[in-house]
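Colleague: Questions regarding the structure given below will be posed in turn.
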Amino acid sequence: MDKPKKLNIIGGGVAGLSAGIYARLNGFDTTIFESNPTAGGVCTSWNNEGYYVNGSIHWLVGSAPGIDFYDMWNDLGVINDNKFHYHTCLMECKNIDGVDVHFYLDSVKLKRHLLEISPLDAGLISEFIDGIRIMSKANLRMERAFELLHAWDWSKTFIGHFPEVEILGKFNQLSIREFAKKFKSEILRKAFESIWSPDMSMGFFLIHMGYAISGVTGYPLGGSGKFTASLVKRYIDLGGKFRFKQKVSKILITKNQAIGIQTEDGNKHHCDYVISACDGHTVLFKMLEGNYSDEITKNAYRYLKTYPSLYYFSAGVNRQFKTLNPAIIGLNLPLLNSLKVGDFEHKRVSFQIYNFDPTLSPTGKTLITAMLDTNYDFWKNLLATGFDKYNSEKNRINEELLQCLEMEFHGISELVEFSDSSTPITFEKWTGNHKGSYEGWLPTPQSTKSKISNHFKDLSNFYMSGHWVIPGGGLPSAAFSGREVIDLICMKEGQEFLP
Ligand SMILES: Cc1cc2nc3c(=O)[nH]c(=O)nc-3n(C[C@H](O)[C@H](O)[C@H](O)COP(=O)(O)OP(=O)(O)OC[C@H]3O[C@@H](n4cnc5c(N)ncnc54)[C@H](O)[C@@H]3O)c2cc1C
């Protein structure tokens, strides 16, 4: 390349950082424009009373060799810079009547355990375990951007993987809730419904159980902040540039071609290509003013469900949990009385108790977090009535969560050094994500069939990345979407994409 082509990237989350790194690896001149003073987006951590609160990662698909995502994380500098912890359980589900459900990440042990709880559900349990075993051989091939794959590449993907394709065809039609309903055992029904959001497709759940069981999903010690720092380091080492505290308001277009961006201060930054790596809604309906996107994409924004907005609880406690078996989702506990968080009513809560990551707390102490689904409008309306009411509602919820922990760990209330929470308003303010959604489109039976466009035929030199272009979201999708757009730009420039 004589004079490197200039790429302006909007957003320094995982997708923007991935696009930036792959762009540098392919010789482009890149600047990431980020509205915050730091990179990371939702994948971030913060300090509170000597604790380092992990704001995102519970697990990273592709942390170990065996699937293509591993090669991507290697390119991005994540593998060398992080140590990973591997859990033996997806979730530990406690019940008041004493029958606990352990979602072991060992298919033989898991099958035996579920059968012990409910022999009457033997058929359904076998179907579930067979599905996991088959999906543990799945690997999303990613040597090229999807749209650059030829018929032969697709057939290579399918040949030898018929069982996985068949399982996905069958289970993608079904939500976790619909699958859970089939259990005769109420204990198993409730346990399955407590895994993430019950509206997610069973196919998505089985793929992820498959990844977890095959040992390719670790938790990076140090959490989201440390993880993001390794991406930032890789980007800077490769010569990438940042412009922090630069909020982009507009994409500049001449004759149906993106020619740059405009920041809120009115400054214009010209370039050869624009890549968005931030909230899809803002990009399509504000920065592009509703023009250019195709019907498929517009329909996605009209009809697909997003991940529910999030209430994110954190607390620091002056004690250890030496005998507690940690799990990817954490310890799922019943609440004595149901807990209203906005318009959502919770009967159970999953707490992540970081006894496996001592770097997140002062010596001898432990960080605890919990994710609770809620709705954006409730918090928006509450805040409009004033900070006092907004804060007292947060205090009420945090108190109830601490009481729930007290029931399980007597005396813990006395040992709490801080408790705090982020609402959808916090997420919206920090990352700009639509209605505070934290992971884009929920992988429902409907959305997993949808392909959302990452560029439009009426607008050249503009590409979209981030968790809004791949239903299901998450770190692998965000990073892959950044890689994919650089592959497409390389093709347009007539140069070979170098991973
Ligand atoms: C509590 C929690 C737990 C999670 N757990 C996991 C997990 O275990 N595993 C997993 O894979 N994923 C997990 N995720 C999801 C994952 O973190 C996200 O899907 C991923 O980080 C999204 O990255 P992104 O770059 O697409 O978007 P974002 O992180 O939203 O990044 C967008 C960036 O753009 C910036 N921006 C926005 N608007 C503008 C503008 N106008 N101008 C300039 N900059 C702008 C934002 O500040 C932000 O930095 C979790 C998320 C949360 C919140």
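Chain labels A, B, ... are given in the sequence in which chains occur in the structure tokens; within each chain residues are numbered consecutively from 1, and ligands are likewise numbered from 1 in the order shown.
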I'd like the contact shell of Arg234 of chain A - 12 Å cut-off, only C-alpha atoms, skipping same-chain residues fewer than 6 positions apart - returned as a ChimeraX atom specification.
Modeller: /A:17-22,24-25,73-81,227-228,240-241
Colleague: Got a sec: who's within 10 Å of Leu405 of chain A, counting only C-alpha atoms, leaving out chain neighbours fewer than 6 positions off, as a ChimeraX atom specification?
Modeller: /A:333-335,349,351,368,399,411-413
Colleague: Only all heavy atoms, please: the residues just picked out, written as a PDB file, in the first residue's frame.
Modeller:
```
ATOM      1  N   LEU A 333     -29.741 -18.147  43.980  1.00  0.00           N
ATOM      2  CA  LEU A 333     -30.423 -18.308  45.275  1.00  0.00           C
ATOM      3  C   LEU A 333     -31.888 -17.914  45.179  1.00  0.00           C
ATOM      4  O   LEU A 333     -32.235 -16.971  44.451  1.00  0.00           O
ATOM      5  CB  LEU A 333     -29.760 -17.411  46.323  1.00  0.00           C
ATOM      6  CG  LEU A 333     -28.303 -17.704  46.683  1.00  0.00           C
ATOM      7  CD1 LEU A 333     -27.782 -16.659  47.670  1.00  0.00           C
ATOM      8  CD2 LEU A 333     -28.181 -19.103  47.287  1.00  0.00           C
ATOM      9  N   PRO A 334     -32.753 -18.575  45.963  1.00  0.00           N
ATOM     10  CA  PRO A 334     -34.162 -18.148  45.996  1.00  0.00           C
ATOM     11  C   PRO A 334     -34.318 -16.924  46.895  1.00  0.00           C
ATOM     12  O   PRO A 334     -33.575 -16.762  47.862  1.00  0.00           O
ATOM     13  CB  PRO A 334     -34.861 -19.353  46.617  1.00  0.00           C
ATOM     14  CG  PRO A 334     -33.815 -20.036  47.424  1.00  0.00           C
ATOM     15  CD  PRO A 334     -32.487 -19.730  46.814  1.00  0.00           C
ATOM     16  N   LEU A 335     -35.256 -16.063  46.555  1.00  0.00           N
ATOM     17  CA  LEU A 335     -35.555 -14.910  47.416  1.00  0.00           C
ATOM     18  C   LEU A 335     -36.723 -15.288  48.313  1.00  0.00           C
ATOM     19  O   LEU A 335     -37.632 -15.998  47.878  1.00  0.00           O
ATOM     20  CB  LEU A 335     -35.937 -13.711  46.560  1.00  0.00           C
ATOM     21  CG  LEU A 335     -34.793 -13.061  45.782  1.00  0.00           C
ATOM     22  CD1 LEU A 335     -35.300 -12.456  44.487  1.00  0.00           C
ATOM     23  CD2 LEU A 335     -34.120 -11.990  46.633  1.00  0.00           C
ATOM     24  N   VAL A 349     -32.140 -15.062  42.296  1.00  0.00           N
ATOM     25  CA  VAL A 349     -31.051 -14.176  41.829  1.00  0.00           C
ATOM     26  C   VAL A 349     -29.763 -14.985  41.733  1.00  0.00           C
ATOM     27  O   VAL A 349     -29.469 -15.797  42.613  1.00  0.00           O
ATOM     28  CB  VAL A 349     -30.793 -13.007  42.816  1.00  0.00           C
ATOM     29  CG1 VAL A 349     -29.711 -12.079  42.269  1.00  0.00           C
ATOM     30  CG2 VAL A 349     -32.047 -12.225  43.099  1.00  0.00           C
ATOM     31  N   PHE A 351     -25.849 -14.777  42.082  1.00  0.00           N
ATOM     32  CA  PHE A 351     -24.754 -13.941  42.590  1.00  0.00           C
ATOM     33  C   PHE A 351     -23.438 -14.508  42.088  1.00  0.00           C
ATOM     34  O   PHE A 351     -23.214 -15.723  42.188  1.00  0.00           O
ATOM     35  CB  PHE A 351     -24.735 -13.948  44.124  1.00  0.00           C
ATOM     36  CG  PHE A 351     -25.886 -13.220  44.736  1.00  0.00           C
ATOM     37  CD1 PHE A 351     -27.023 -13.907  45.157  1.00  0.00           C
ATOM     38  CD2 PHE A 351     -25.850 -11.837  44.884  1.00  0.00           C
ATOM     39  CE1 PHE A 351     -28.094 -13.232  45.724  1.00  0.00           C
ATOM     40  CE2 PHE A 351     -26.924 -11.157  45.455  1.00  0.00           C
ATOM     41  CZ  PHE A 351     -28.046 -11.859  45.877  1.00  0.00           C
ATOM     42  N   ILE A 368     -18.616  -9.369  45.246  1.00  0.00           N
ATOM     43  CA  ILE A 368     -19.842 -10.091  44.830  1.00  0.00           C
ATOM     44  C   ILE A 368     -20.592  -9.202  43.839  1.00  0.00           C
ATOM     45  O   ILE A 368     -20.697  -7.987  44.049  1.00  0.00           O
ATOM     46  CB  ILE A 368     -20.757 -10.377  46.050  1.00  0.00           C
ATOM     47  CG1 ILE A 368     -20.016 -11.247  47.069  1.00  0.00           C
ATOM     48  CG2 ILE A 368     -22.058 -11.056  45.611  1.00  0.00           C
ATOM     49  CD1 ILE A 368     -20.816 -11.554  48.330  1.00  0.00           C
ATOM     50  N   GLU A 399     -30.605  -3.511  49.533  1.00  0.00           N
ATOM     51  CA  GLU A 399     -30.868  -4.064  50.870  1.00  0.00           C
ATOM     52  C   GLU A 399     -31.467  -5.467  50.751  1.00  0.00           C
ATOM     53  O   GLU A 399     -31.092  -6.388  51.462  1.00  0.00           O
ATOM     54  CB  GLU A 399     -31.855  -3.161  51.638  1.00  0.00           C
ATOM     55  CG  GLU A 399     -31.196  -2.078  52.461  1.00  0.00           C
ATOM     56  CD  GLU A 399     -30.046  -2.614  53.314  1.00  0.00           C
ATOM     57  OE1 GLU A 399     -30.267  -3.594  54.035  1.00  0.00           O
ATOM     58  OE2 GLU A 399     -28.924  -2.075  53.210  1.00  0.00           O
ATOM     59  N   GLY A 411     -24.537 -13.670  58.914  1.00  0.00           N
ATOM     60  CA  GLY A 411     -23.548 -12.724  59.454  1.00  0.00           C
ATOM     61  C   GLY A 411     -22.882 -11.879  58.383  1.00  0.00           C
ATOM     62  O   GLY A 411     -22.132 -10.951  58.680  1.00  0.00           O
ATOM     63  N   ILE A 412     -23.205 -12.150  57.127  1.00  0.00           N
ATOM     64  CA  ILE A 412     -22.518 -11.433  56.036  1.00  0.00           C
ATOM     65  C   ILE A 412     -22.853  -9.928  56.044  1.00  0.00           C
ATOM     66  O   ILE A 412     -22.016  -9.093  55.698  1.00  0.00           O
ATOM     67  CB  ILE A 412     -22.829 -12.078  54.655  1.00  0.00           C
ATOM     68  CG1 ILE A 412     -21.798 -11.637  53.625  1.00  0.00           C
ATOM     69  CG2 ILE A 412     -24.204 -11.793  54.183  1.00  0.00           C
ATOM     70  CD1 ILE A 412     -21.907 -12.361  52.284  1.00  0.00           C
ATOM     71  N   SER A 413     -24.075  -9.600  56.484  1.00  0.00           N
ATOM     72  CA  SER A 413     -24.499  -8.180  56.461  1.00  0.00           C
ATOM     73  C   SER A 413     -23.535  -7.298  57.240  1.00  0.00           C
ATOM     74  O   SER A 413     -23.321  -6.138  56.893  1.00  0.00           O
ATOM     75  CB  SER A 413     -25.883  -8.010  57.082  1.00  0.00           C
ATOM     76  OG  SER A 413     -26.741  -8.956  56.582  1.00  0.00           O
TER      77      SER A 413
END
```
Colleague: Could you pull out the residues sitting within 7 Å of ligand 1, using only C-alpha atoms and all ligand atoms, and write them as an MDAnalysis selection string?
Modeller: chainID A and resid 10:16 33:36 39:43 55:61 246:249 277:279 312 371 430:433 438:440 465:468 473:476 478
Colleague: List every residue of segment 59-97 of chain A that DSSP, applied to the backbone, labels as alpha helix (DSSP H), and write the result as a PyMOL selection string.
Modeller: chain A and resi 68-75+78-81
Colleague: If you run DSSP on the backbone, which residues of segment 17-222 of chain A are strand (DSSP E or B), as an MDAnalysis selection string?
Modeller: chainID A and resid 29:33 40 45:48 51:54 60:61 84:85 89:93 101:104 175 201 217:220
Colleague: For segment 446-478 of chain A versus segment 257-266 of chain A, which residues have an atom no more than 7 Å away, and what is each residue's nearest atom pair and distance in Å rounded to one decimal, using only C-alpha atoms, chain-then-number order, as JSON lines?
Modeller:
```
{"residue": "A:Leu459", "atom": "CA", "partner": "A:Gln257", "partner_atom": "CA", "distance": 5.4}
{"residue": "A:Ser460", "atom": "CA", "partner": "A:Gln257", "partner_atom": "CA", "distance": 4.7}
{"residue": "A:Asn461", "atom": "CA", "partner": "A:Ala258", "partner_atom": "CA", "distance": 5.4}
{"residue": "A:Phe462", "atom": "CA", "partner": "A:Ala258", "partner_atom": "CA", "distance": 5.7}
```
Colleague: For Glu345 of chain A, please output as an mmCIF file with N, CA and C atoms, in the first residue's frame all residues within 12 Å (counting only C-alpha atoms; exclusion window: fewer than 6 positions along the same chain).
Modeller:
```cif
data_model
loop_
_atom_site.group_PDB
_atom_site.id
_atom_site.type_symbol
_atom_site.label_atom_id
_atom_site.label_comp_id
_atom_site.auth_asym_id
_atom_site.auth_seq_id
_atom_site.Cartn_x
_atom_site.Cartn_y
_atom_site.Cartn_z
ATOM 1 N N LEU A 335 -35.256 -16.063 46.555
ATOM 2 C CA LEU A 335 -35.555 -14.910 47.416
ATOM 3 C C LEU A 335 -36.723 -15.288 48.313
ATOM 4 N N ASN A 337 -39.060 -13.263 49.518
ATOM 5 C CA ASN A 337 -40.210 -12.632 48.857
ATOM 6 C C ASN A 337 -39.747 -12.193 47.480
ATOM 7 N N SER A 338 -40.675 -12.168 46.521
ATOM 8 C CA SER A 338 -40.208 -11.781 45.190
ATOM 9 C C SER A 338 -39.762 -10.313 45.207
ATOM 10 N N LEU A 339 -38.798 -10.023 44.350
ATOM 11 C CA LEU A 339 -38.169 -8.694 44.351
ATOM 12 C C LEU A 339 -38.495 -7.978 43.048
ATOM 13 N N LEU A 372 -29.494 -8.382 37.271
ATOM 14 C CA LEU A 372 -30.953 -8.576 37.321
ATOM 15 C C LEU A 372 -31.603 -7.855 36.143
ATOM 16 N N ASP A 373 -32.451 -8.571 35.418
ATOM 17 C CA ASP A 373 -33.166 -7.942 34.300
ATOM 18 C C ASP A 373 -34.107 -6.872 34.827
ATOM 19 N N THR A 374 -34.202 -5.787 34.092
ATOM 20 C CA THR A 374 -35.139 -4.729 34.462
ATOM 21 C C THR A 374 -35.566 -4.008 33.180
ATOM 22 N N ASN A 375 -36.358 -2.930 33.321
ATOM 23 C CA ASN A 375 -36.760 -2.184 32.125
ATOM 24 C C ASN A 375 -36.316 -0.731 32.224
ATOM 25 N N ILE A 397 -33.505 -1.992 46.746
ATOM 26 C CA ILE A 397 -33.173 -3.239 46.037
ATOM 27 C C ILE A 397 -31.879 -3.835 46.592
#
```
Colleague: Env of segment 84-99 of chain A: 9 Å cut, atoms = only C-alpha atoms, seq-sep filter 5 positions within chain, self excluded. Answer as number ranges by chain.
Modeller: A: 59, 63-64, 79, 104-106, 117, 187, 191, 194-195, 209, 212-213, 215-221, 325-334, 350, 356-357
Colleague: Please write the residues from the selection above to a file, keeping N, CA, C and O atoms, as a CSV table (one decimal), in the first residue's frame.
Modeller:
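Result file follows (out10.csv):
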```csv
chain,number,residue,atom,x,y,z
A,59,TRP,N,-17.3,-15.2,31.2
A,59,TRP,CA,-16.5,-16.2,30.5
A,59,TRP,C,-16.2,-15.7,29.1
A,59,TRP,O,-16.9,-14.9,28.6
A,63,SER,N,-11.1,-19.1,24.8
A,63,SER,CA,-9.9,-18.8,25.7
A,63,SER,C,-8.8,-19.9,25.5
A,63,SER,O,-7.7,-19.7,25.9
A,64,ALA,N,-9.2,-21.0,25.0
A,64,ALA,CA,-8.2,-22.1,24.8
A,64,ALA,C,-8.3,-22.7,23.4
A,64,ALA,O,-9.4,-22.5,22.8
A,79,ILE,N,-4.7,-13.6,24.6
A,79,ILE,CA,-4.3,-14.9,25.1
A,79,ILE,C,-3.0,-14.8,25.9
A,79,ILE,O,-2.9,-15.3,27.0
A,104,TYR,N,-23.1,-29.2,36.2
A,104,TYR,CA,-21.7,-29.6,36.0
A,104,TYR,C,-21.3,-29.4,34.6
A,104,TYR,O,-22.1,-29.7,33.7
A,105,LEU,N,-20.0,-29.1,34.4
A,105,LEU,CA,-19.5,-29.0,33.0
A,105,LEU,C,-18.7,-30.3,32.7
A,105,LEU,O,-17.6,-30.3,32.2
A,106,ASP,N,-19.4,-31.4,33.0
A,106,ASP,CA,-18.9,-32.8,32.7
A,106,ASP,C,-20.2,-33.5,32.4
A,106,ASP,O,-21.1,-33.7,33.3
A,117,ILE,N,-32.1,-36.3,40.4
A,117,ILE,CA,-33.2,-35.4,40.8
A,117,ILE,C,-34.5,-35.8,40.2
A,117,ILE,O,-35.6,-35.8,40.9
A,187,ILE,N,-38.4,-28.7,40.2
A,187,ILE,CA,-37.1,-28.3,40.5
A,187,ILE,C,-36.2,-28.0,39.3
A,187,ILE,O,-35.6,-27.0,39.1
A,191,ALA,N,-34.9,-24.5,37.6
A,191,ALA,CA,-33.5,-24.3,37.5
A,191,ALA,C,-33.1,-23.9,36.0
A,191,ALA,O,-32.4,-23.0,35.8
A,194,SER,N,-33.8,-20.3,35.2
A,194,SER,CA,-33.0,-19.4,35.9
A,194,SER,C,-31.7,-19.1,35.1
A,194,SER,O,-30.8,-18.3,35.5
A,195,ILE,N,-31.5,-19.9,34.0
A,195,ILE,CA,-30.2,-19.7,33.3
A,195,ILE,C,-30.4,-18.6,32.3
A,195,ILE,O,-31.2,-18.6,31.4
A,209,MET,N,-23.1,-24.4,26.2
A,209,MET,CA,-22.8,-25.5,27.1
A,209,MET,C,-21.7,-26.4,26.4
A,209,MET,O,-20.8,-26.9,27.1
A,212,ALA,N,-18.4,-24.8,26.8
A,212,ALA,CA,-18.0,-24.8,28.2
A,212,ALA,C,-17.5,-26.2,28.5
A,212,ALA,O,-16.4,-26.4,29.2
A,213,ILE,N,-18.2,-27.2,28.1
A,213,ILE,CA,-17.9,-28.6,28.4
A,213,ILE,C,-16.6,-29.0,27.7
A,213,ILE,O,-15.8,-29.8,28.2
A,215,GLY,N,-14.1,-27.2,27.3
A,215,GLY,CA,-12.9,-26.5,28.0
A,215,GLY,C,-12.4,-25.3,27.3
A,215,GLY,O,-11.2,-25.0,27.4
A,216,VAL,N,-13.2,-24.7,26.4
A,216,VAL,CA,-12.6,-23.5,25.7
A,216,VAL,C,-13.2,-22.2,26.1
A,216,VAL,O,-13.1,-21.2,25.4
A,217,THR,N,-13.8,-22.2,27.3
A,217,THR,CA,-14.4,-20.9,27.9
A,217,THR,C,-13.8,-20.7,29.3
A,217,THR,O,-14.3,-21.2,30.2
A,218,GLY,N,-12.9,-19.8,29.4
A,218,GLY,CA,-12.3,-19.5,30.7
A,218,GLY,C,-12.7,-18.1,31.1
A,218,GLY,O,-13.1,-17.2,30.3
A,219,TYR,N,-12.5,-17.8,32.4
A,219,TYR,CA,-12.7,-16.4,32.9
A,219,TYR,C,-11.3,-15.8,33.0
A,219,TYR,O,-10.4,-16.4,33.7
A,220,PRO,N,-11.0,-14.6,32.4
A,220,PRO,CA,-9.7,-14.0,32.5
A,220,PRO,C,-9.5,-13.3,33.9
A,220,PRO,O,-10.3,-12.4,34.2
A,221,LEU,N,-8.6,-13.8,34.6
A,221,LEU,CA,-8.4,-13.3,36.0
A,221,LEU,C,-8.0,-11.8,35.8
A,221,LEU,O,-7.3,-11.4,35.0
A,325,ASN,N,-18.2,-23.7,45.7
A,325,ASN,CA,-17.7,-24.0,44.4
A,325,ASN,C,-18.2,-22.9,43.4
A,325,ASN,O,-19.4,-22.7,43.2
A,326,PRO,N,-17.2,-22.2,42.8
A,326,PRO,CA,-17.7,-21.1,41.9
A,326,PRO,C,-18.2,-21.6,40.6
A,326,PRO,O,-17.8,-22.8,40.2
A,327,ALA,N,-19.0,-20.9,39.9
A,327,ALA,CA,-19.6,-21.3,38.7
A,327,ALA,C,-19.6,-20.1,37.7
A,327,ALA,O,-19.5,-19.0,38.1
A,328,ILE,N,-19.8,-20.4,36.4
A,328,ILE,CA,-19.7,-19.3,35.4
A,328,ILE,C,-20.8,-18.3,35.7
A,328,ILE,O,-20.6,-17.1,35.7
A,329,ILE,N,-22.0,-18.7,35.8
A,329,ILE,CA,-23.1,-17.8,36.1
A,329,ILE,C,-23.1,-17.4,37.6
A,329,ILE,O,-23.6,-16.3,38.0
A,330,GLY,N,-22.7,-18.3,38.4
A,330,GLY,CA,-22.6,-18.1,39.8
A,330,GLY,C,-23.6,-18.9,40.7
A,330,GLY,O,-24.0,-20.0,40.2
A,331,LEU,N,-23.9,-18.4,41.8
A,331,LEU,CA,-24.7,-19.1,42.8
A,331,LEU,C,-26.1,-18.5,42.7
A,331,LEU,O,-26.4,-17.3,43.0
A,332,ASN,N,-27.1,-19.4,42.3
A,332,ASN,CA,-28.4,-18.9,42.1
A,332,ASN,C,-29.3,-19.2,43.3
A,332,ASN,O,-29.4,-20.4,43.7
A,333,LEU,N,-29.7,-18.1,44.0
A,333,LEU,CA,-30.4,-18.3,45.3
A,333,LEU,C,-31.9,-17.9,45.2
A,333,LEU,O,-32.2,-17.0,44.5
A,334,PRO,N,-32.8,-18.6,46.0
A,334,PRO,CA,-34.2,-18.1,46.0
A,334,PRO,C,-34.3,-16.9,46.9
A,334,PRO,O,-33.6,-16.8,47.9
A,350,SER,N,-29.0,-14.7,40.7
A,350,SER,CA,-27.6,-15.4,40.6
A,350,SER,C,-26.6,-14.4,41.1
A,350,SER,O,-26.5,-13.3,40.5
A,356,PHE,N,-12.7,-17.0,43.3
A,356,PHE,CA,-11.7,-17.5,42.4
A,356,PHE,C,-10.9,-16.5,41.8
A,356,PHE,O,-10.0,-16.8,41.0
A,357,ASP,N,-11.1,-15.2,42.1
A,357,ASP,CA,-10.3,-14.1,41.6
A,357,ASP,C,-9.9,-13.1,42.7
A,357,ASP,O,-10.5,-12.1,42.8
```
Colleague: Excluding Gly210 of chain A and residues on its chain fewer than 2 positions from it, collect all residues at most 6 Å away from it, counting only C-alpha atoms, and give them as a PyMOL selection string.
Modeller: chain A and resi 132+135-136+206-208+212-213
Colleague: Could you take the residues named above and write them with N, CA and C atoms, as a PDB file, in the first residue's frame?
Modeller:
```
ATOM      1  N   ILE A 132     -25.775 -31.403  24.078  1.00  0.00           N
ATOM      2  CA  ILE A 132     -24.529 -30.753  24.539  1.00  0.00           C
ATOM      3  C   ILE A 132     -23.319 -31.481  23.959  1.00  0.00           C
ATOM      4  N   MET A 135     -22.921 -30.631  20.381  1.00  0.00           N
ATOM      5  CA  MET A 135     -22.502 -29.242  20.166  1.00  0.00           C
ATOM      6  C   MET A 135     -21.090 -28.982  20.668  1.00  0.00           C
ATOM      7  N   SER A 136     -20.569 -29.862  21.535  1.00  0.00           N
ATOM      8  CA  SER A 136     -19.200 -29.629  22.023  1.00  0.00           C
ATOM      9  C   SER A 136     -18.171 -29.847  20.905  1.00  0.00           C
ATOM     10  N   LEU A 206     -27.333 -24.574  24.054  1.00  0.00           N
ATOM     11  CA  LEU A 206     -26.566 -25.820  23.834  1.00  0.00           C
ATOM     12  C   LEU A 206     -25.182 -25.544  23.246  1.00  0.00           C
ATOM     13  N   ILE A 207     -25.109 -24.568  22.320  1.00  0.00           N
ATOM     14  CA  ILE A 207     -23.785 -24.229  21.754  1.00  0.00           C
ATOM     15  C   ILE A 207     -22.861 -23.818  22.889  1.00  0.00           C
ATOM     16  N   HIS A 208     -23.386 -22.957  23.777  1.00  0.00           N
ATOM     17  CA  HIS A 208     -22.521 -22.427  24.840  1.00  0.00           C
ATOM     18  C   HIS A 208     -22.189 -23.479  25.892  1.00  0.00           C
ATOM     19  N   ALA A 212     -18.450 -24.758  26.788  1.00  0.00           N
ATOM     20  CA  ALA A 212     -17.979 -24.807  28.183  1.00  0.00           C
ATOM     21  C   ALA A 212     -17.477 -26.212  28.525  1.00  0.00           C
ATOM     22  N   ILE A 213     -18.225 -27.214  28.091  1.00  0.00           N
ATOM     23  CA  ILE A 213     -17.854 -28.592  28.406  1.00  0.00           C
ATOM     24  C   ILE A 213     -16.554 -28.988  27.708  1.00  0.00           C
TER      25      ILE A 213
END
```
Colleague: Which residues are near Thr444 of chain A? Cut-off 9 Å, only C-alpha atoms, ignore same chain within fewer than 3 positions. Put them as a list in words.
Modeller: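 My list of contacting residues is Asn172, Gln173, Leu174, Ser175, Asp199, Met200, Ser201, Met202, Phe204, Leu304, Lys305, Trp441, Ser447, Thr448, Lys449, Pro471 and Gly472 of chain A.
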Colleague: Would you list the contacts of Ser422 of chain A as an mmCIF file with N, CA, C and O atoms, in the first residue's frame, taking every protein, DNA or RNA residue within 8 Å and counting only C-alpha atoms, but skipping same-chain residues closer than 4 positions in sequence?
Modeller:
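Generated output (result15.cif):
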```
data_model
loop_
_atom_site.group_PDB
_atom_site.id
_atom_site.type_symbol
_atom_site.label_atom_id
_atom_site.label_comp_id
_atom_site.auth_asym_id
_atom_site.auth_seq_id
_atom_site.Cartn_x
_atom_site.Cartn_y
_atom_site.Cartn_z
ATOM 1 N N LEU A 310 -30.349 -3.784 32.223
ATOM 2 C CA LEU A 310 -29.740 -4.469 33.363
ATOM 3 C C LEU A 310 -29.659 -3.600 34.618
ATOM 4 O O LEU A 310 -29.349 -2.413 34.549
ATOM 5 N N TYR A 311 -29.921 -4.257 35.755
ATOM 6 C CA TYR A 311 -29.606 -3.680 37.064
ATOM 7 C C TYR A 311 -28.402 -4.471 37.550
ATOM 8 O O TYR A 311 -28.478 -5.687 37.717
ATOM 9 N N TYR A 312 -27.274 -3.786 37.740
ATOM 10 C CA TYR A 312 -26.032 -4.494 38.064
ATOM 11 C C TYR A 312 -25.601 -4.144 39.484
ATOM 12 O O TYR A 312 -25.250 -3.001 39.782
ATOM 13 N N PHE A 313 -25.677 -5.158 40.345
ATOM 14 C CA PHE A 313 -25.389 -4.967 41.771
ATOM 15 C C PHE A 313 -23.945 -5.368 42.051
ATOM 16 O O PHE A 313 -23.437 -6.332 41.483
ATOM 17 N N THR A 426 -27.324 4.221 33.862
ATOM 18 C CA THR A 426 -25.854 4.234 33.939
ATOM 19 C C THR A 426 -25.277 3.642 32.649
ATOM 20 O O THR A 426 -24.330 4.196 32.075
ATOM 21 N N PHE A 427 -25.841 2.496 32.218
ATOM 22 C CA PHE A 427 -25.330 1.848 31.000
ATOM 23 C C PHE A 427 -25.492 2.769 29.786
ATOM 24 O O PHE A 427 -24.608 2.870 28.950
#
```
Colleague: Between atom CA of Phe183 of chain A and atom CA of Lys109 of chain A, what distance in Å does the model show, to one decimal?
Modeller: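 Spanning atom CA of Phe183 of chain A to atom CA of Lys109 of chain A is a straight-line distance of 19.1 Å.
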Colleague: Pick the closest to Val317 of chain A from A:Leu284, A:Leu402, A:Asn299, A:Ser276: which is it, counting only C-alpha atoms?
Modeller: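 Ranked by minimum distance to Val317 of chain A, first place goes to A:Leu402.
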Colleague: One decimal, Å: what's the distance from atom CA of Asn267 of chain A over to atom CA of His281 of chain A, could you say?
Modeller: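 Spanning atom CA of Asn267 of chain A to atom CA of His281 of chain A is a straight-line distance of 22.5 Å.
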Colleague: Pick the closest to Asn398 of chain A from A:Asp420, A:Glu178, A:Asp377, A:Glu414: which is it, counting only C-alpha atoms?
Modeller: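 Comparing A:Asp420, A:Glu178, A:Asp377, A:Glu414 against Asn398 of chain A, the winner is A:Asp420.
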